[in-house]
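Note: the block below is model-v9.txt and it holds compact mmCIF, C-alpha atoms.
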```txt
# COMPACT_ATOMS: atom_id res chain seq x y z
CA MET A 1 102.81 -82.92 148.41
CA PHE A 2 99.33 -82.94 149.93
CA ARG A 3 99.86 -79.66 151.80
CA LEU A 4 96.90 -77.45 152.75
CA ASP A 5 98.73 -74.33 153.90
CA LYS A 6 96.47 -71.26 153.91
CA LYS A 7 93.43 -73.42 153.17
CA THR A 8 90.33 -73.38 155.37
CA VAL A 9 88.21 -76.42 156.19
CA LEU A 10 84.73 -76.89 157.65
CA ILE A 11 84.25 -80.39 159.10
CA THR A 12 80.93 -81.67 160.43
CA GLY A 13 80.80 -84.51 162.91
CA ALA A 14 84.24 -83.48 164.17
CA SER A 15 83.52 -84.76 167.68
CA GLY A 16 83.49 -88.38 166.46
CA GLY A 17 86.40 -90.75 165.89
CA ILE A 18 86.56 -90.42 162.11
CA GLY A 19 85.71 -86.71 162.00
CA GLY A 20 88.26 -85.91 164.69
CA GLU A 21 91.01 -87.77 162.85
CA ILE A 22 90.16 -86.06 159.57
CA ALA A 23 90.47 -82.74 161.40
CA ARG A 24 93.86 -83.71 162.85
CA THR A 25 95.17 -84.86 159.48
CA LEU A 26 94.11 -81.75 157.60
CA HIS A 27 95.33 -79.49 160.40
CA ARG A 28 98.76 -81.18 160.35
CA ALA A 29 98.84 -80.50 156.61
CA GLY A 30 98.59 -76.78 157.36
CA ALA A 31 94.87 -76.08 157.14
CA THR A 32 92.78 -73.91 159.42
CA VAL A 33 89.85 -76.00 160.61
CA ALA A 34 86.33 -75.24 161.82
CA LEU A 35 85.14 -78.09 164.02
CA SER A 36 81.39 -78.63 164.01
CA GLY A 37 79.13 -81.07 165.83
CA THR A 38 76.57 -81.29 168.62
CA ARG A 39 78.84 -82.48 171.45
CA ILE A 40 80.59 -79.32 172.52
CA ALA A 41 82.97 -80.79 175.11
CA PRO A 42 84.77 -83.11 172.64
CA LEU A 43 84.94 -80.30 170.09
CA ARG A 44 86.59 -78.00 172.61
CA ALA A 45 89.00 -80.74 173.67
CA LEU A 46 90.00 -81.31 170.05
CA SER A 47 90.42 -77.57 169.49
CA THR A 48 92.67 -77.37 172.54
CA GLU A 49 94.69 -80.33 171.27
CA LEU A 50 95.16 -78.74 167.85
CA GLY A 51 95.95 -75.28 169.22
CA ASP A 52 96.22 -72.50 166.66
CA ARG A 53 94.07 -72.58 163.51
CA ALA A 54 91.15 -74.40 165.13
CA HIS A 55 87.66 -73.03 165.71
CA VAL A 56 84.67 -74.60 167.45
CA LEU A 57 81.32 -74.07 165.68
CA PRO A 58 78.54 -76.20 167.25
CA CYS A 59 75.64 -77.08 164.96
CA ASP A 60 72.60 -79.33 165.15
CA LEU A 61 72.13 -80.60 161.60
CA SER A 62 68.47 -81.37 162.29
CA ASP A 63 67.85 -77.63 162.75
CA LEU A 64 67.41 -75.83 159.43
CA ASP A 65 68.32 -72.43 160.83
CA GLU A 66 71.56 -73.75 162.36
CA VAL A 67 72.51 -75.53 159.13
CA THR A 68 71.89 -72.37 157.12
CA ALA A 69 73.99 -70.32 159.55
CA LEU A 70 76.97 -72.69 159.75
CA PRO A 71 78.74 -71.81 156.45
CA LYS A 72 78.38 -68.11 157.29
CA GLN A 73 79.82 -68.68 160.77
CA ALA A 74 82.73 -70.63 159.29
CA HIS A 75 83.40 -67.83 156.81
CA GLU A 76 83.38 -65.26 159.60
CA ALA A 77 85.75 -67.36 161.72
CA MET A 78 88.24 -68.28 159.00
CA GLY A 79 87.71 -65.76 156.19
CA SER A 80 86.63 -68.44 153.70
CA VAL A 81 85.61 -72.07 153.36
CA ASP A 82 87.92 -73.66 150.82
CA ILE A 83 87.17 -77.27 151.79
CA LEU A 84 83.95 -78.79 153.11
CA ILE A 85 83.99 -82.23 154.75
CA ASN A 86 80.45 -83.50 155.30
CA ASN A 87 81.19 -86.23 157.81
CA ALA A 88 78.30 -86.08 160.28
CA GLY A 89 75.66 -88.80 160.13
CA VAL A 90 73.15 -90.69 162.23
CA THR A 91 71.57 -94.13 162.25
CA ARG A 92 68.10 -95.21 163.35
CA ASP A 93 68.15 -98.87 162.43
CA ASN A 94 65.07 -101.01 161.97
CA LEU A 95 63.70 -103.53 159.51
CA LEU A 96 61.90 -101.66 156.76
CA MET A 97 58.53 -103.26 157.54
CA ARG A 98 58.83 -101.90 161.08
CA MET A 99 60.52 -98.60 160.28
CA SER A 100 58.52 -95.54 161.27
CA ASP A 101 58.17 -92.50 159.05
CA ASP A 102 60.19 -90.54 161.58
CA GLU A 103 63.02 -93.09 161.58
CA TRP A 104 63.18 -92.77 157.81
CA ALA A 105 62.79 -89.01 157.59
CA SER A 106 65.20 -88.05 160.39
CA VAL A 107 68.07 -90.06 158.91
CA LEU A 108 67.50 -88.66 155.41
CA ALA A 109 67.21 -85.13 156.81
CA ILE A 110 70.53 -85.21 158.66
CA ASN A 111 72.60 -87.45 156.40
CA LEU A 112 71.46 -86.16 153.01
CA THR A 113 69.39 -82.97 153.15
CA SER A 114 71.68 -81.11 155.57
CA THR A 115 74.65 -82.07 153.39
CA MET A 116 72.93 -80.59 150.36
CA ARG A 117 72.29 -77.37 152.26
CA LEU A 118 75.87 -77.09 153.45
CA CYS A 119 77.13 -77.65 149.90
CA LYS A 120 74.89 -74.82 148.69
CA GLY A 121 76.12 -72.65 151.54
CA VAL A 122 79.80 -72.84 150.57
CA LEU A 123 79.54 -72.94 146.78
CA ARG A 124 79.31 -69.23 146.11
CA GLY A 125 82.62 -68.53 147.84
CA MET A 126 84.33 -71.47 146.13
CA MET A 127 83.08 -70.37 142.72
CA LYS A 128 84.32 -66.86 143.30
CA ALA A 129 87.74 -68.21 144.31
CA ARG A 130 87.67 -70.71 141.43
CA TRP A 131 88.94 -73.38 143.82
CA GLY A 132 87.16 -75.68 146.21
CA ARG A 133 86.96 -79.19 147.54
CA ILE A 134 83.82 -80.93 148.79
CA VAL A 135 84.21 -84.38 150.36
CA ASN A 136 81.03 -86.17 151.37
CA ILE A 137 81.48 -89.15 153.67
CA SER A 138 79.33 -91.99 152.37
CA SER A 139 79.60 -95.63 153.49
CA ILE A 140 80.14 -99.12 152.15
CA VAL A 141 76.45 -99.62 153.04
CA GLY A 142 75.52 -97.02 150.41
CA ALA A 143 76.87 -99.38 147.76
CA THR A 144 76.02 -102.81 149.19
CA GLY A 145 72.93 -102.20 151.33
CA ASN A 146 72.53 -103.70 154.79
CA PRO A 147 69.53 -105.35 156.45
CA GLY A 148 67.95 -103.06 159.02
CA GLN A 149 69.52 -99.96 157.50
CA ALA A 150 67.33 -99.08 154.52
CA ASN A 151 67.16 -95.45 155.67
CA TYR A 152 70.91 -95.14 156.30
CA ALA A 153 71.83 -96.94 153.06
CA ALA A 154 69.46 -94.74 151.06
CA SER A 155 70.96 -91.59 152.56
CA LYS A 156 74.52 -92.70 151.81
CA ALA A 157 73.69 -93.83 148.27
CA GLY A 158 71.94 -90.50 147.79
CA LEU A 159 75.15 -88.69 148.74
CA VAL A 160 76.97 -90.47 145.92
CA ALA A 161 74.40 -89.52 143.26
CA MET A 162 74.13 -85.95 144.53
CA SER A 163 77.91 -85.57 144.56
CA LYS A 164 78.18 -86.78 140.96
CA SER A 165 75.52 -84.32 139.83
CA LEU A 166 77.14 -81.41 141.66
CA ALA A 167 80.58 -82.41 140.34
CA TYR A 168 79.26 -81.94 136.79
CA GLU A 169 77.83 -78.52 137.65
CA VAL A 170 81.01 -77.01 139.13
CA ALA A 171 83.82 -78.84 137.32
CA THR A 172 84.80 -75.82 135.19
CA ARG A 173 85.17 -73.64 138.29
CA GLY A 174 88.11 -75.47 139.86
CA ILE A 175 85.84 -77.23 142.37
CA THR A 176 85.84 -80.98 142.88
CA VAL A 177 83.11 -82.97 144.60
CA ASN A 178 83.83 -86.52 145.72
CA CYS A 179 82.68 -89.14 148.18
CA LEU A 180 84.72 -91.17 150.61
CA ALA A 181 83.13 -94.48 151.59
CA PRO A 182 84.62 -96.19 154.67
CA GLY A 183 84.07 -99.83 155.44
CA PHE A 184 84.39 -101.12 159.01
CA ILE A 185 86.63 -98.70 160.87
CA ALA A 186 87.93 -99.22 164.42
CA THR A 187 86.22 -96.50 166.48
CA ALA A 188 84.54 -96.21 169.88
CA MET A 189 81.38 -97.49 168.17
CA THR A 190 82.97 -100.71 166.90
CA GLU A 191 84.60 -101.28 170.29
CA LYS A 192 81.11 -101.93 171.64
CA LEU A 193 80.80 -105.03 169.43
CA THR A 194 81.29 -108.42 171.03
CA ASP A 195 84.32 -110.54 170.13
CA GLU A 196 82.00 -112.89 168.26
CA GLN A 197 80.55 -110.01 166.24
CA LYS A 198 84.02 -108.71 165.42
CA LYS A 199 85.14 -112.18 164.35
CA GLY A 200 82.16 -112.46 162.00
CA ILE A 201 82.95 -109.09 160.44
CA LEU A 202 86.64 -109.88 159.94
CA THR A 203 85.82 -113.01 157.95
CA GLN A 204 84.23 -110.70 155.35
CA ILE A 205 87.27 -108.44 154.98
CA PRO A 206 90.07 -109.73 152.72
CA THR A 207 92.74 -107.75 154.59
CA GLY A 208 91.66 -109.48 157.81
CA ARG A 209 91.34 -106.33 159.89
CA MET A 210 89.26 -103.23 160.43
CA GLY A 211 90.50 -99.96 159.06
CA THR A 212 91.74 -97.07 161.16
CA ALA A 213 90.49 -93.52 161.37
CA THR A 214 94.00 -92.44 160.34
CA GLU A 215 93.54 -94.23 157.02
CA ILE A 216 90.27 -92.38 156.44
CA GLY A 217 92.01 -89.12 157.32
CA ALA A 218 94.70 -89.82 154.72
CA ALA A 219 92.09 -90.45 152.03
CA ALA A 220 90.30 -87.23 152.97
CA LEU A 221 93.58 -85.34 152.74
CA TYR A 222 94.14 -86.53 149.18
CA LEU A 223 90.63 -85.55 148.11
CA SER A 224 91.13 -82.13 149.73
CA SER A 225 94.45 -81.40 148.08
CA ASP A 226 95.65 -79.66 144.93
CA GLU A 227 96.89 -83.05 143.74
CA SER A 228 93.31 -84.34 143.43
CA ALA A 229 92.29 -81.65 140.93
CA TYR A 230 91.59 -84.25 138.22
CA THR A 231 89.53 -86.45 140.54
CA THR A 232 85.89 -85.46 140.72
CA GLY A 233 82.51 -87.17 140.83
CA THR A 234 84.07 -90.33 142.17
CA THR A 235 83.79 -92.42 145.33
CA LEU A 236 86.97 -93.53 147.05
CA HIS A 237 86.23 -96.83 148.80
CA VAL A 238 88.39 -97.55 151.86
CA ASN A 239 87.14 -100.90 153.06
CA GLY A 240 89.96 -103.45 153.05
CA GLY A 241 88.50 -105.17 149.99
CA MET A 242 85.20 -105.97 151.69
CA ALA A 243 83.45 -104.61 148.59
CA MET A 244 85.63 -104.20 145.50
CA LEU A 245 83.70 -101.55 143.60
```
Conversion result in structure tokens:
Amino acid sequence: MFRLDKKTVLITGASGGIGGEIARTLHRAGATVALSGTRIAPLRALSTELGDRAHVLPCDLSDLDEVTALPKQAHEAMGSVDILINNAGVTRDNLLMRMSDDEWASVLAINLTSTMRLCKGVLRGMMKARWGRIVNISSIVGATGNPGQANYAASKAGLVAMSKSLAYEVATRGITVNCLAPGFIATAMTEKLTDEQKKGILTQIPTGRMGTATEIGAAALYLSSDESAYTTGTTLHVNGGMAML
């Protein structure tokens, strides 16, 4: 159950804590993985850790030409792209009344527009194969909002609506399109929070703890598997009950 033998996966943001763990989980399940991101050293380290069936494909998602080229590069490296994990994302937080046009536009461009382009880039091959999985990493903030993150929340909510629309369009072709929305996950980023900040966050989470990247990886594995064939157009919330949606 939940095996991905002979499947190929393109993962963006693979140099981060969550993206790296998704890559490890899918690779352990038998998949060949293409690791994409802007930080080449961590990508190479992860590729070395995984060994066989791992390819490094750097890409700056703010660069239209690089985004357009990435699905083609992944196809050349692996022979196909059966599964696309759109995990990469950025934040440029500010109160909306102070937010610059660039702070708004850059977050939407990377988090939402580049995801749309990558989806378009892999769809033809998936439709020809009559099998495909697209998993777009949203966020709890896309459902609840968060002060100072109007741009980020809008981009993540946009992913959900886009994924539902695309799921309708390709459902008869054996392709599923879903979102995975993490809550607070213990990563290098959350380690920078003060003890007081962490304590405040934990009071909002019914399970009383932050999630782990391994738990996000497991959810991504399910949405990437044959067993999820009847699950499409949905958002899987992994947030410890912080928002019961």
Can you work out which one of A:Cys119, A:Ile201, A:Glu21, A:Ala181 has the shortest atom-to-atom distance to Ala167 (chain A), counting all atoms listed in the file?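 When distances to Ala167 (chain A) are compared using all atoms listed in the file, the smallest one comes from A:Cys119.
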Could you pull the residues within 12 Å of region 61-73 of chain A, counting all atoms listed in the file, minus those fewer than 3 positions along the same chain, as a VMD selection string? chain A and resid 8 to 13 34 to 38 55 to 58 76 to 90 105 to 126
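CA of Gln204 (chain A) lies 28.1 Å from CA of Ser163 (chain A).
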Closest to Ala186 (chain A) among A:Leu159, A:Leu202, A:Ala153, A:Ala213, using only C-alpha atoms?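 Residue with the minimum atom-to-atom distance to Ala186 (chain A): A:Ala213.
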Would you list the contacts of Ala171 (chain A) as a list in words, taking every protein, DNA or RNA residue within 12 Å and counting all atoms listed in the file, but skipping same-chain residues closer than 3 positions in sequence? Leu123, Met126, Met127, Arg130, Trp131, Gly132, Arg133, Ile134, Ser163, Lys164, Ser165, Leu166, Ala167, Tyr168, Gly174, Ile175, Thr176, Val177, Asn178, Ala229, Tyr230, Thr231, Thr232 and Gly233 of chain A
Select, from A:Ala188, A:Cys59, A:Met162, A:Met244, the residue with the minimum atom-to-atom distance to Asn136 (chain A), counting only C-alpha atoms.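 Looking only at the distances to Asn136 (chain A), the closest residue turns out to be A:Met162.
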Could you work out how far CA of Pro182 (chain A) lies from CA of Ile140 (chain A), giving the answer in Å with one decimal? 5.9 Å
In Å, with one decimal, what is the gap from CA of His75 (chain A) to CA of Ser224 (chain A)? 17.7 Å
Which is closer to Gly142 (chain A) than all the others in A:Val170, A:Leu95, A:Ile216, A:Ala154, using all atoms listed in the file?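 Ranked by minimum distance to Gly142 (chain A), first place goes to A:Ala154.
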Using the file's own x, y and z axes, so that the box edges lie along x, y and z, what centre and edge lengths in Å (one decimal) does a box around every listed atom of region 84-93 of chain A get when 4 Å is added on each side? Give it as lines of an AutoDock Vina configuration file.
```
center_x = 76.0
center_y = -88.8
center_z = 158.2
size_x = 23.9
size_y = 28.1
size_z = 18.2
```
Considering only C-alpha atoms, return as a list in words whatever protein or nucleic-acid residues lie within 12 Å of Thr144 (chain A), sequence-local ones (same chain, fewer than 4 positions apart) excluded. Ser138, Ser139, Ile140, Gln149, Ala150, Tyr152, Ala153, Ala154, Lys156, Ala157, Ala181, Gly183, His237, Asn239, Met242, Ala243, Met244 and Leu245 of chain A
Given only C-alpha atoms, how would the per-residue table for region 204-241 of chain A near region 23-26 of chain A read, listing every residue at most 7 Å away with its closest atom pair and distance in Å to one decimal, sorted by chain and number, as a Markdown table?
```
| residue | atom | partner | partner_atom | distance |
| --- | --- | --- | --- | --- |
| A:Gly217 | CA | A:Thr25 | CA | 5.7 |
| A:Ala218 | CA | A:Thr25 | CA | 6.9 |
| A:Leu221 | CA | A:Leu26 | CA | 6.1 |
```
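Across A:Thr187, A:Thr32, A:Ser100, A:Thr235, the tightest approach to Arg3 (chain A) is made by A:Thr32 when counting only C-alpha atoms.
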